[in-house]
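Text of my_file24.cif (mmCIF, C-alpha atoms, pLDDT in the B column; chains and numbers go by the auth columns) as supplied:
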```cif
data_final
#
loop_
_atom_site.group_PDB
_atom_site.id
_atom_site.type_symbol
_atom_site.label_atom_id
_atom_site.label_comp_id
_atom_site.label_asym_id
_atom_site.label_seq_id
_atom_site.Cartn_x
_atom_site.Cartn_y
_atom_site.Cartn_z
_atom_site.B_iso_or_equiv
_atom_site.auth_seq_id
_atom_site.auth_asym_id
ATOM 1 C CA MET A 1 176.209 42.443 61.850 49.00 220 A
ATOM 2 C CA ALA A 2 178.126 39.209 61.983 55.00 221 A
ATOM 3 C CA TYR A 3 176.431 36.129 63.380 58.00 222 A
ATOM 4 C CA GLU A 4 177.836 35.008 66.693 60.00 223 A
ATOM 5 C CA PRO A 5 176.717 31.776 68.301 60.00 224 A
ATOM 6 C CA LYS A 6 175.611 32.191 71.934 64.00 225 A
ATOM 7 C CA GLU A 7 177.493 29.129 73.105 68.00 226 A
ATOM 8 C CA LYS A 8 181.171 28.559 72.506 73.00 227 A
ATOM 9 C CA ASN A 9 180.844 24.767 72.598 77.00 228 A
ATOM 10 C CA PRO A 10 177.333 23.870 71.538 74.00 229 A
ATOM 11 C CA PRO A 11 176.147 20.262 72.091 78.00 230 A
ATOM 12 C CA ASN A 12 176.468 17.806 69.204 76.00 231 A
ATOM 13 C CA TRP A 13 172.802 17.884 68.190 76.00 232 A
ATOM 14 C CA LYS A 14 172.949 21.659 67.764 76.00 233 A
ATOM 15 C CA GLY A 15 175.989 21.236 65.593 72.00 234 A
ATOM 16 C CA ASP A 16 174.132 18.693 63.470 71.00 235 A
ATOM 17 C CA PHE A 17 171.085 20.905 62.960 72.00 236 A
ATOM 18 C CA PRO A 18 172.335 24.484 62.745 74.00 237 A
ATOM 19 C CA ILE A 19 170.167 27.330 61.513 75.00 238 A
ATOM 20 C CA ARG A 20 172.850 28.716 59.206 74.00 239 A
ATOM 21 C CA GLN A 21 173.173 26.860 55.908 66.00 240 A
ATOM 22 C CA ASP A 22 176.952 27.355 55.716 71.00 241 A
ATOM 23 C CA GLU A 23 177.421 25.781 59.152 72.00 242 A
ATOM 24 C CA ALA A 24 175.574 22.635 58.130 67.00 243 A
ATOM 25 C CA THR A 25 177.995 19.804 57.605 68.00 244 A
ATOM 26 C CA HIS A 26 175.343 17.043 57.643 66.00 245 A
ATOM 27 C CA VAL A 27 171.798 18.316 57.241 71.00 246 A
ATOM 28 C CA THR A 28 169.931 21.492 58.133 78.00 247 A
ATOM 29 C CA ARG A 29 166.556 21.502 59.807 85.00 248 A
ATOM 30 C CA ARG A 30 165.086 23.002 56.645 86.00 249 A
ATOM 31 C CA GLU A 31 166.352 20.027 54.662 86.00 250 A
ATOM 32 C CA PHE A 32 165.056 17.656 57.328 90.00 251 A
ATOM 33 C CA ALA A 33 161.578 19.218 57.098 93.00 252 A
ATOM 34 C CA LYS A 34 161.684 18.915 53.310 93.00 253 A
ATOM 35 C CA PHE A 35 162.759 15.282 53.613 94.00 254 A
ATOM 36 C CA LEU A 36 159.818 14.592 55.953 96.00 255 A
ATOM 37 C CA CYS A 37 157.526 16.081 53.326 96.00 256 A
ATOM 38 C CA LEU A 38 159.096 13.898 50.641 96.00 257 A
ATOM 39 C CA LEU A 39 158.530 10.848 52.859 96.00 258 A
ATOM 40 C CA SER A 40 154.910 11.930 53.290 97.00 259 A
ATOM 41 C CA GLY A 41 154.549 12.039 49.485 97.00 260 A
ATOM 42 C CA GLY A 42 156.032 8.540 49.313 97.00 261 A
ATOM 43 C CA LEU A 43 153.495 7.234 51.807 96.00 262 A
ATOM 44 C CA ALA A 44 150.633 8.847 49.851 96.00 263 A
ATOM 45 C CA LEU A 45 151.948 7.141 46.703 96.00 264 A
ATOM 46 C CA GLY A 46 152.186 3.826 48.559 95.00 265 A
ATOM 47 C CA ASN A 47 148.574 4.219 49.586 94.00 266 A
ATOM 48 C CA GLY A 48 147.674 4.855 45.959 94.00 267 A
ATOM 49 C CA TYR A 49 149.505 1.676 44.967 93.00 268 A
ATOM 50 C CA VAL A 50 147.434 -0.336 47.477 91.00 269 A
ATOM 51 C CA VAL A 51 144.239 0.979 45.866 90.00 270 A
ATOM 52 C CA LEU A 52 145.508 0.332 42.325 91.00 271 A
ATOM 53 C CA SER A 53 146.720 -3.188 43.022 87.00 272 A
ATOM 54 C CA SER A 54 143.535 -4.167 44.864 84.00 273 A
ATOM 55 C CA PHE A 55 141.451 -3.060 41.851 84.00 274 A
ATOM 56 C CA ALA A 56 143.774 -4.191 39.067 82.00 275 A
ATOM 57 C CA TYR A 57 144.776 -7.582 40.507 75.00 276 A
ATOM 58 C CA PRO A 58 141.884 -8.928 42.608 70.00 277 A
ATOM 59 C CA ASP A 59 142.415 -12.338 44.175 69.00 278 A
ATOM 60 C CA LYS A 60 141.243 -15.062 41.799 71.00 279 A
ATOM 61 C CA GLU A 61 138.813 -17.595 43.174 73.00 280 A
ATOM 62 C CA LEU A 62 139.943 -21.193 43.174 75.00 281 A
ATOM 63 C CA GLU A 63 138.462 -23.100 40.244 76.00 282 A
ATOM 64 C CA GLY A 64 137.385 -26.722 40.293 78.00 283 A
ATOM 65 C CA GLU A 65 138.032 -29.469 42.819 82.00 284 A
ATOM 66 C CA HIS A 66 141.516 -30.388 43.976 85.00 285 A
ATOM 67 C CA LEU A 67 142.448 -33.743 45.489 87.00 286 A
ATOM 68 C CA VAL A 68 144.236 -33.449 48.838 87.00 287 A
ATOM 69 C CA CYS A 69 144.558 -36.979 50.250 88.00 288 A
ATOM 70 C CA ASN A 70 142.698 -40.150 51.211 87.00 289 A
ATOM 71 C CA THR A 71 140.439 -39.936 54.283 86.00 290 A
ATOM 72 C CA SER A 72 142.437 -42.694 55.996 87.00 291 A
ATOM 73 C CA GLU A 73 145.603 -40.560 55.930 89.00 292 A
ATOM 74 C CA VAL A 74 144.337 -38.027 58.492 88.00 293 A
ATOM 75 C CA PRO A 75 142.934 -39.441 61.771 89.00 294 A
ATOM 76 C CA VAL A 76 140.194 -37.628 63.746 90.00 295 A
ATOM 77 C CA GLY A 77 141.846 -34.658 65.513 90.00 296 A
ATOM 78 C CA GLY A 78 144.692 -34.708 63.026 90.00 297 A
ATOM 79 C CA MET A 79 145.964 -32.178 60.551 91.00 298 A
ATOM 80 C CA THR A 80 147.837 -32.289 57.267 91.00 299 A
ATOM 81 C CA MET A 81 149.410 -29.613 55.123 90.00 300 A
ATOM 82 C CA PHE A 82 148.955 -29.249 51.378 89.00 301 A
ATOM 83 C CA ALA A 83 149.387 -26.772 48.545 87.00 302 A
ATOM 84 C CA ILE A 84 147.480 -26.384 45.313 82.00 303 A
ATOM 85 C CA LYS A 85 149.663 -26.165 42.250 75.00 304 A
ATOM 86 C CA GLY A 86 149.077 -22.997 40.320 69.00 305 A
ATOM 87 C CA THR A 87 150.502 -19.598 39.580 59.00 306 A
ATOM 88 C CA LYS A 88 150.581 -18.618 43.273 70.00 307 A
ATOM 89 C CA GLU A 89 151.287 -21.524 45.598 77.00 308 A
ATOM 90 C CA ILE A 90 149.527 -20.947 48.913 83.00 309 A
ATOM 91 C CA PRO A 91 150.063 -23.377 51.816 88.00 310 A
ATOM 92 C CA TYR A 92 146.872 -24.790 53.344 91.00 311 A
ATOM 93 C CA ILE A 93 146.007 -27.014 56.299 92.00 312 A
ATOM 94 C CA LEU A 94 143.364 -29.729 56.277 92.00 313 A
ATOM 95 C CA ILE A 95 141.850 -30.528 59.682 93.00 314 A
ATOM 96 C CA HIS A 96 139.829 -33.627 60.556 92.00 315 A
ATOM 97 C CA LEU A 97 137.690 -32.056 63.296 90.00 316 A
ATOM 98 C CA ALA A 98 135.353 -34.961 64.016 87.00 317 A
ATOM 99 C CA GLU A 99 134.013 -38.018 62.222 86.00 318 A
ATOM 100 C CA GLY A 100 132.951 -36.711 58.779 84.00 319 A
ATOM 101 C CA GLU A 101 133.832 -33.099 59.625 89.00 320 A
ATOM 102 C CA TRP A 102 136.676 -31.557 57.693 91.00 321 A
ATOM 103 C CA ARG A 103 137.972 -27.997 57.453 91.00 322 A
ATOM 104 C CA ALA A 104 140.593 -26.426 55.212 91.00 323 A
ATOM 105 C CA PHE A 105 142.225 -23.048 55.884 92.00 324 A
ATOM 106 C CA GLU A 106 145.160 -21.039 54.590 91.00 325 A
ATOM 107 C CA GLN A 107 148.185 -21.794 56.717 91.00 326 A
ATOM 108 C CA LYS A 108 149.492 -18.226 56.752 90.00 327 A
ATOM 109 C CA CYS A 109 148.483 -16.277 59.852 92.00 328 A
ATOM 110 C CA THR A 110 146.758 -13.021 58.846 89.00 329 A
ATOM 111 C CA HIS A 111 149.016 -11.127 61.241 86.00 330 A
ATOM 112 C CA LEU A 112 152.571 -11.714 59.973 85.00 331 A
ATOM 113 C CA SER A 113 152.179 -14.851 57.847 86.00 332 A
ATOM 114 C CA CYS A 114 153.560 -17.347 60.381 91.00 333 A
ATOM 115 C CA ALA A 115 152.489 -20.971 59.835 92.00 334 A
ATOM 116 C CA VAL A 116 149.437 -21.821 61.968 94.00 335 A
ATOM 117 C CA VAL A 117 148.843 -25.277 63.490 93.00 336 A
ATOM 118 C CA TYR A 118 145.743 -27.099 64.746 93.00 337 A
ATOM 119 C CA ARG A 119 145.747 -27.929 68.493 92.00 338 A
ATOM 120 C CA ASP A 120 143.382 -30.821 69.048 90.00 339 A
ATOM 121 C CA GLU A 121 143.568 -30.590 72.868 91.00 340 A
ATOM 122 C CA VAL A 122 141.796 -27.182 72.768 92.00 341 A
ATOM 123 C CA LYS A 123 140.102 -27.648 69.351 91.00 342 A
ATOM 124 C CA LYS A 124 141.571 -24.366 68.108 93.00 343 A
ATOM 125 C CA ILE A 125 144.113 -23.200 65.538 94.00 344 A
ATOM 126 C CA GLU A 126 147.190 -21.572 67.016 94.00 345 A
ATOM 127 C CA CYS A 127 149.702 -19.141 65.586 94.00 346 A
ATOM 128 C CA PRO A 128 152.734 -19.842 67.788 93.00 347 A
ATOM 129 C CA CYS A 129 154.633 -16.680 66.823 93.00 348 A
ATOM 130 C CA HIS A 130 152.524 -14.128 68.702 93.00 349 A
ATOM 131 C CA ASN A 131 149.965 -16.280 70.542 93.00 350 A
ATOM 132 C CA GLY A 132 147.168 -15.814 68.018 94.00 351 A
ATOM 133 C CA TRP A 133 144.184 -18.207 68.114 95.00 352 A
ATOM 134 C CA PHE A 134 141.556 -18.968 65.476 95.00 353 A
ATOM 135 C CA SER A 135 138.345 -20.975 65.587 93.00 354 A
ATOM 136 C CA ALA A 136 138.912 -24.376 63.995 92.00 355 A
ATOM 137 C CA ASP A 137 135.283 -24.361 62.865 90.00 356 A
ATOM 138 C CA THR A 138 135.069 -21.023 61.035 90.00 357 A
ATOM 139 C CA GLY A 139 138.611 -19.632 61.009 91.00 358 A
ATOM 140 C CA GLU A 140 137.536 -16.532 62.956 92.00 359 A
ATOM 141 C CA VAL A 141 139.986 -14.798 65.251 94.00 360 A
ATOM 142 C CA LEU A 142 139.460 -15.764 68.906 94.00 361 A
ATOM 143 C CA GLN A 143 142.433 -14.085 70.522 92.00 362 A
ATOM 144 C CA GLY A 144 145.710 -12.340 69.787 91.00 363 A
ATOM 145 C CA PRO A 145 147.008 -9.898 67.196 91.00 364 A
ATOM 146 C CA PRO A 146 145.634 -11.337 63.876 91.00 365 A
ATOM 147 C CA PRO A 147 143.334 -8.731 62.312 86.00 366 A
ATOM 148 C CA ARG A 148 141.365 -11.065 60.006 87.00 367 A
ATOM 149 C CA ALA A 149 139.935 -14.576 59.903 90.00 368 A
ATOM 150 C CA LEU A 150 141.897 -17.316 58.120 91.00 369 A
ATOM 151 C CA PRO A 151 140.778 -17.695 54.474 89.00 370 A
ATOM 152 C CA GLN A 152 138.825 -20.943 54.153 89.00 371 A
ATOM 153 C CA LEU A 153 138.242 -23.596 51.490 89.00 372 A
ATOM 154 C CA SER A 154 135.247 -25.923 51.210 89.00 373 A
ATOM 155 C CA VAL A 155 135.975 -29.608 51.733 90.00 374 A
ATOM 156 C CA VAL A 156 134.217 -32.357 49.784 88.00 375 A
ATOM 157 C CA VAL A 157 134.648 -36.041 50.702 89.00 376 A
ATOM 158 C CA ARG A 158 133.880 -38.510 47.920 87.00 377 A
ATOM 159 C CA ASN A 159 134.891 -42.163 47.523 87.00 378 A
ATOM 160 C CA GLU A 160 137.197 -42.030 50.580 87.00 379 A
ATOM 161 C CA LYS A 161 139.060 -39.113 49.051 89.00 380 A
ATOM 162 C CA VAL A 162 139.228 -35.504 50.290 90.00 381 A
ATOM 163 C CA TYR A 163 138.843 -32.679 47.757 89.00 382 A
ATOM 164 C CA VAL A 164 138.849 -28.899 48.280 89.00 383 A
ATOM 165 C CA THR A 165 136.979 -26.229 46.335 85.00 384 A
ATOM 166 C CA ALA A 166 136.494 -22.462 46.643 82.00 385 A
ATOM 167 C CA PHE A 167 134.694 -21.599 49.877 77.00 386 A
ATOM 168 C CA LYS A 168 130.968 -21.027 49.506 71.00 387 A
ATOM 169 C CA ASP A 169 129.353 -19.290 52.452 61.00 388 A
ATOM 170 C CA THR A 170 126.196 -21.291 53.073 53.00 389 A
ATOM 171 C CA ILE A 171 124.647 -18.666 55.401 49.00 390 A
ATOM 172 C CA SER A 172 124.673 -15.680 53.006 41.00 391 A
ATOM 173 C CA MET B 1 169.464 50.309 57.714 56.00 97 B
ATOM 174 C CA SER B 2 167.343 47.952 59.664 63.00 98 B
ATOM 175 C CA SER B 3 164.148 46.530 58.251 78.00 99 B
ATOM 176 C CA PHE B 4 161.035 45.220 60.017 81.00 100 B
ATOM 177 C CA ARG B 5 162.293 41.647 59.644 75.00 101 B
ATOM 178 C CA VAL B 6 165.701 42.418 61.196 79.00 102 B
ATOM 179 C CA THR B 7 164.123 44.157 64.210 81.00 103 B
ATOM 180 C CA GLN B 8 161.693 41.282 64.618 75.00 104 B
ATOM 181 C CA ASN B 9 164.534 38.769 64.589 73.00 105 B
ATOM 182 C CA GLN B 10 166.512 40.811 67.088 77.00 106 B
ATOM 183 C CA SER B 11 163.652 41.184 69.556 78.00 107 B
ATOM 184 C CA HIS B 12 162.552 37.523 69.298 78.00 108 B
ATOM 185 C CA PRO B 13 165.731 35.516 68.723 74.00 109 B
ATOM 186 C CA ASN B 14 164.013 32.195 69.471 78.00 110 B
ATOM 187 C CA LYS B 15 161.196 32.700 66.999 79.00 111 B
ATOM 188 C CA THR B 16 162.889 30.840 64.137 79.00 112 B
ATOM 189 C CA ASN B 17 163.658 27.960 66.453 82.00 113 B
ATOM 190 C CA THR B 18 160.062 27.656 67.669 86.00 114 B
ATOM 191 C CA LEU B 19 158.655 27.897 64.177 87.00 115 B
ATOM 192 C CA MET B 20 161.074 25.277 62.872 89.00 116 B
ATOM 193 C CA LEU B 21 160.303 22.912 65.743 91.00 117 B
ATOM 194 C CA GLY B 22 156.550 23.433 65.257 93.00 118 B
ATOM 195 C CA ILE B 23 156.719 22.646 61.537 94.00 119 B
ATOM 196 C CA ILE B 24 158.905 19.563 62.054 95.00 120 B
ATOM 197 C CA MET B 25 156.586 18.276 64.798 96.00 121 B
ATOM 198 C CA LEU B 26 153.526 18.812 62.570 97.00 122 B
ATOM 199 C CA LEU B 27 155.259 16.979 59.709 97.00 123 B
ATOM 200 C CA ILE B 28 156.141 14.065 62.014 97.00 124 B
ATOM 201 C CA GLY B 29 152.490 13.998 63.156 97.00 125 B
ATOM 202 C CA ILE B 30 151.324 13.932 59.530 97.00 126 B
ATOM 203 C CA LEU B 31 153.739 11.079 58.765 97.00 127 B
ATOM 204 C CA SER B 32 152.488 9.052 61.754 97.00 128 B
ATOM 205 C CA ILE B 33 148.866 9.420 60.622 97.00 129 B
ATOM 206 C CA GLN B 34 149.878 8.419 57.072 97.00 130 B
ATOM 207 C CA ILE B 35 151.650 5.271 58.335 97.00 131 B
ATOM 208 C CA TRP B 36 148.508 4.354 60.268 96.00 132 B
ATOM 209 C CA LEU B 37 146.361 4.998 57.151 95.00 133 B
ATOM 210 C CA LEU B 38 148.647 2.836 54.996 95.00 134 B
ATOM 211 C CA TYR B 39 148.488 0.008 57.549 91.00 135 B
ATOM 212 C CA SER B 40 144.684 0.175 57.693 90.00 136 B
ATOM 213 C CA ALA B 41 144.403 0.368 53.893 91.00 137 B
ATOM 214 C CA LEU B 42 146.623 -2.695 53.451 87.00 138 B
ATOM 215 C CA ASN B 43 144.726 -4.709 56.029 83.00 139 B
ATOM 216 C CA ASN B 44 141.346 -3.796 54.597 81.00 140 B
ATOM 217 C CA ALA B 45 142.364 -4.268 50.964 80.00 141 B
ATOM 218 C CA LEU B 46 143.511 -7.776 51.892 76.00 142 B
ATOM 219 C CA ASP B 47 140.067 -8.328 53.396 73.00 143 B
ATOM 220 C CA GLU B 48 138.555 -7.113 50.081 73.00 144 B
ATOM 221 C CA ASN B 49 137.330 -3.896 51.664 77.00 145 B
ATOM 222 C CA GLN B 50 138.498 -1.516 48.934 82.00 146 B
ATOM 223 C CA ASP B 51 136.356 1.443 49.999 86.00 147 B
ATOM 224 C CA LEU B 52 138.552 2.011 53.025 89.00 148 B
ATOM 225 C CA ALA B 53 141.686 1.830 50.867 90.00 149 B
ATOM 226 C CA ILE B 54 140.314 4.625 48.644 92.00 150 B
ATOM 227 C CA ALA B 55 139.364 6.758 51.652 93.00 151 B
ATOM 228 C CA ALA B 56 142.805 6.201 53.185 94.00 152 B
ATOM 229 C CA PHE B 57 144.477 7.197 49.896 95.00 153 B
ATOM 230 C CA ILE B 58 142.487 10.432 49.654 96.00 154 B
ATOM 231 C CA GLY B 59 143.240 11.201 53.314 96.00 155 B
ATOM 232 C CA SER B 60 146.934 10.471 52.833 97.00 156 B
ATOM 233 C CA LEU B 61 147.071 12.696 49.744 97.00 157 B
ATOM 234 C CA LEU B 62 145.376 15.575 51.604 97.00 158 B
ATOM 235 C CA LEU B 63 147.854 15.193 54.466 97.00 159 B
ATOM 236 C CA PHE B 64 150.739 15.300 51.983 97.00 160 B
ATOM 237 C CA PHE B 65 149.427 18.554 50.484 97.00 161 B
ATOM 238 C CA THR B 66 149.052 19.966 54.010 97.00 162 B
ATOM 239 C CA GLY B 67 152.719 19.087 54.592 96.00 163 B
ATOM 240 C CA LEU B 68 153.683 20.794 51.327 95.00 164 B
ATOM 241 C CA TRP B 69 151.731 23.884 52.317 95.00 165 B
ATOM 242 C CA LEU B 70 153.493 23.918 55.701 93.00 166 B
ATOM 243 C CA LEU B 71 156.861 24.135 53.919 91.00 167 B
ATOM 244 C CA LYS B 72 155.814 27.614 52.791 90.00 168 B
ATOM 245 C CA TYR B 73 156.261 28.750 56.386 88.00 169 B
ATOM 246 C CA LEU B 74 159.772 27.309 56.815 86.00 170 B
ATOM 247 C CA PRO B 75 161.970 30.086 58.208 80.00 171 B
ATOM 248 C CA ASP B 76 164.442 31.400 55.669 72.00 172 B
ATOM 249 C CA ALA B 77 168.008 30.186 56.018 62.00 173 B
ATOM 250 C CA ARG B 78 169.668 32.649 58.424 57.00 174 B
ATOM 251 C CA GLY B 79 172.972 32.567 56.603 53.00 175 B
ATOM 252 C CA ARG B 80 171.442 33.530 53.271 56.00 176 B
ATOM 253 C CA PHE B 81 169.472 36.332 54.902 55.00 177 B
ATOM 254 C CA LEU B 82 172.544 37.723 56.643 58.00 178 B
ATOM 255 C CA LYS B 83 174.625 37.510 53.505 58.00 179 B
ATOM 256 C CA LYS B 84 171.945 39.428 51.617 61.00 180 B
ATOM 257 C CA GLU B 85 171.909 42.088 54.305 62.00 181 B
ATOM 258 C CA LEU B 86 175.686 42.389 54.218 60.00 182 B
ATOM 259 C CA SER B 87 175.770 42.752 50.442 65.00 183 B
ATOM 260 C CA GLU B 88 173.119 45.485 50.656 64.00 184 B
ATOM 261 C CA ASN B 89 175.152 47.368 53.266 61.00 185 B
ATOM 262 C CA LYS B 90 178.315 47.159 51.189 56.00 186 B
ATOM 263 C CA TYR B 91 177.283 50.120 49.034 57.00 187 B
ATOM 264 C CA LYS B 92 176.222 52.385 51.903 50.00 188 B
#
```

Would you encode the structure as structure tokens?
Amino acid sequence: MAYEPKEKNPPNWKGDFPIRQDEATHVTRREFAKFLCLLSGGLALGNGYVVLSSFAYPDKELEGEHLVCNTSEVPVGGMTMFAIKGTKEIPYILIHLAEGEWRAFEQKCTHLSCAVVYRDEVKKIECPCHNGWFSADTGEVLQGPPPRALPQLSVVVRNEKVYVTAFKDTIS
Amino acid sequence: MSSFRVTQNQSHPNKTNTLMLGIIMLLIGILSIQIWLLYSALNNALDENQDLAIAAFIGSLLLFFTGLWLLKYLPDARGRFLKKELSENKYK
């Protein structure tokens, strides 16, 4: 029995995904299903890579103290940007919250790595790309799409100079 | 001579279509869950929560094997089946 299509002029999508292999000029549905499965294998591998890289290359903690600037360079309510020279250069922001109160955070938003800025009028850190807001005190997410708090550094002021070190959580 | 499979196909002409659509939809569902798992694993690994990354990897792997197993039920290519039938009939 010869195969006869029901419709004389089938729509384009039916022509693109025919059941018969010899009618397939682009891709059959069987091939499409196999491709989806291949993609699924790729995603499983990607997930494996995330696990491997998080175990094999854990983030190194910052070692020692690093000079940022003189205290007179950043007024109260002001902010400055800096980077620590090393193998991986990460941009940071230094905020002069109040007299004698300094905070240092990574400048990359935890959502899509946009540069965050300190807004003194609301005393919060803003990510202008997608309206994300962080606490200027702890770096925690207050509002918007960022999934994690901003990574923080400890600030030490000595002899009118501002230094940063790895963040030590004083509560835990 | 007609076999069980030929009669089945003649009485339910849409069966292959439904089966194909079902399998493709399930595979797309599996892919969506895997994308969500990968996103969660990345976010949590960045937050140094590696346990979730391992769980997501195992889940993703299981979903992949489910997808592979589903391929077993892909309807046979109609053209190949018909050709086989024709070549069998040639000698009768």

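Using only C-alpha atoms, the shortest contact distance between chain B and any of A:Val360, A:Leu369, A:Ile303, A:Val295 is found at A:Leu369.
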
Could you list the residues in chain A lying within 10 Å of chain B, using only C-alpha atoms, and format the result as a PyMOL selection string? chain A and resi 220-222+237-242+247-249+251-274+277-278+329-330+366-368+370

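Put simply, the PyMOL selection byres ((chain A and resi 320-323) around 7) in this file takes in Tyr311, Ile312, Leu313, Ile314, His315, Leu316, Ala317, Glu318, Gly319, Phe324, Gln371, Leu372, Ser373 and Val374 of chain A.
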
Tell me, as a PyMOL selection string, which residues lie within 8 Å of Lys380 in chain A, counting all atoms listed in the file; anything in the same chain fewer than 2 positions away does not count. chain A and resi 286-290+376-378+382

Apply the PyMOL selection byres ((chain A and resi 363) around 7) to the displayed file and report the matching residues as a list in words. Asn350, Gly351, Trp352, Gln362, Pro364 and Pro365 of chain A

Those same residues - C-alpha atoms - I'd like them written as a PDB file, keeping the file's coordinate frame.
```pdb
ATOM      1  CA  ASN A 350     149.965 -16.280  70.542  1.00 93.00           C
ATOM      2  CA  GLY A 351     147.168 -15.814  68.018  1.00 94.00           C
ATOM      3  CA  TRP A 352     144.184 -18.207  68.114  1.00 95.00           C
ATOM      4  CA  GLN A 362     142.433 -14.085  70.522  1.00 92.00           C
ATOM      5  CA  PRO A 364     147.008  -9.898  67.196  1.00 91.00           C
ATOM      6  CA  PRO A 365     145.634 -11.337  63.876  1.00 91.00           C
TER       7      PRO A 365
END
```

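Coordinates place CA of Pro294 in chain A at a distance of 22.8 Å from CA of Lys327 in chain A.
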
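Put simply, CA of Asp356 in chain A is 9.3 Å away from CA of Ile344 in chain A.
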
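Between CA of Ala275 in chain A and CA of Gln326 in chain A the interatomic distance comes to 25.3 Å.
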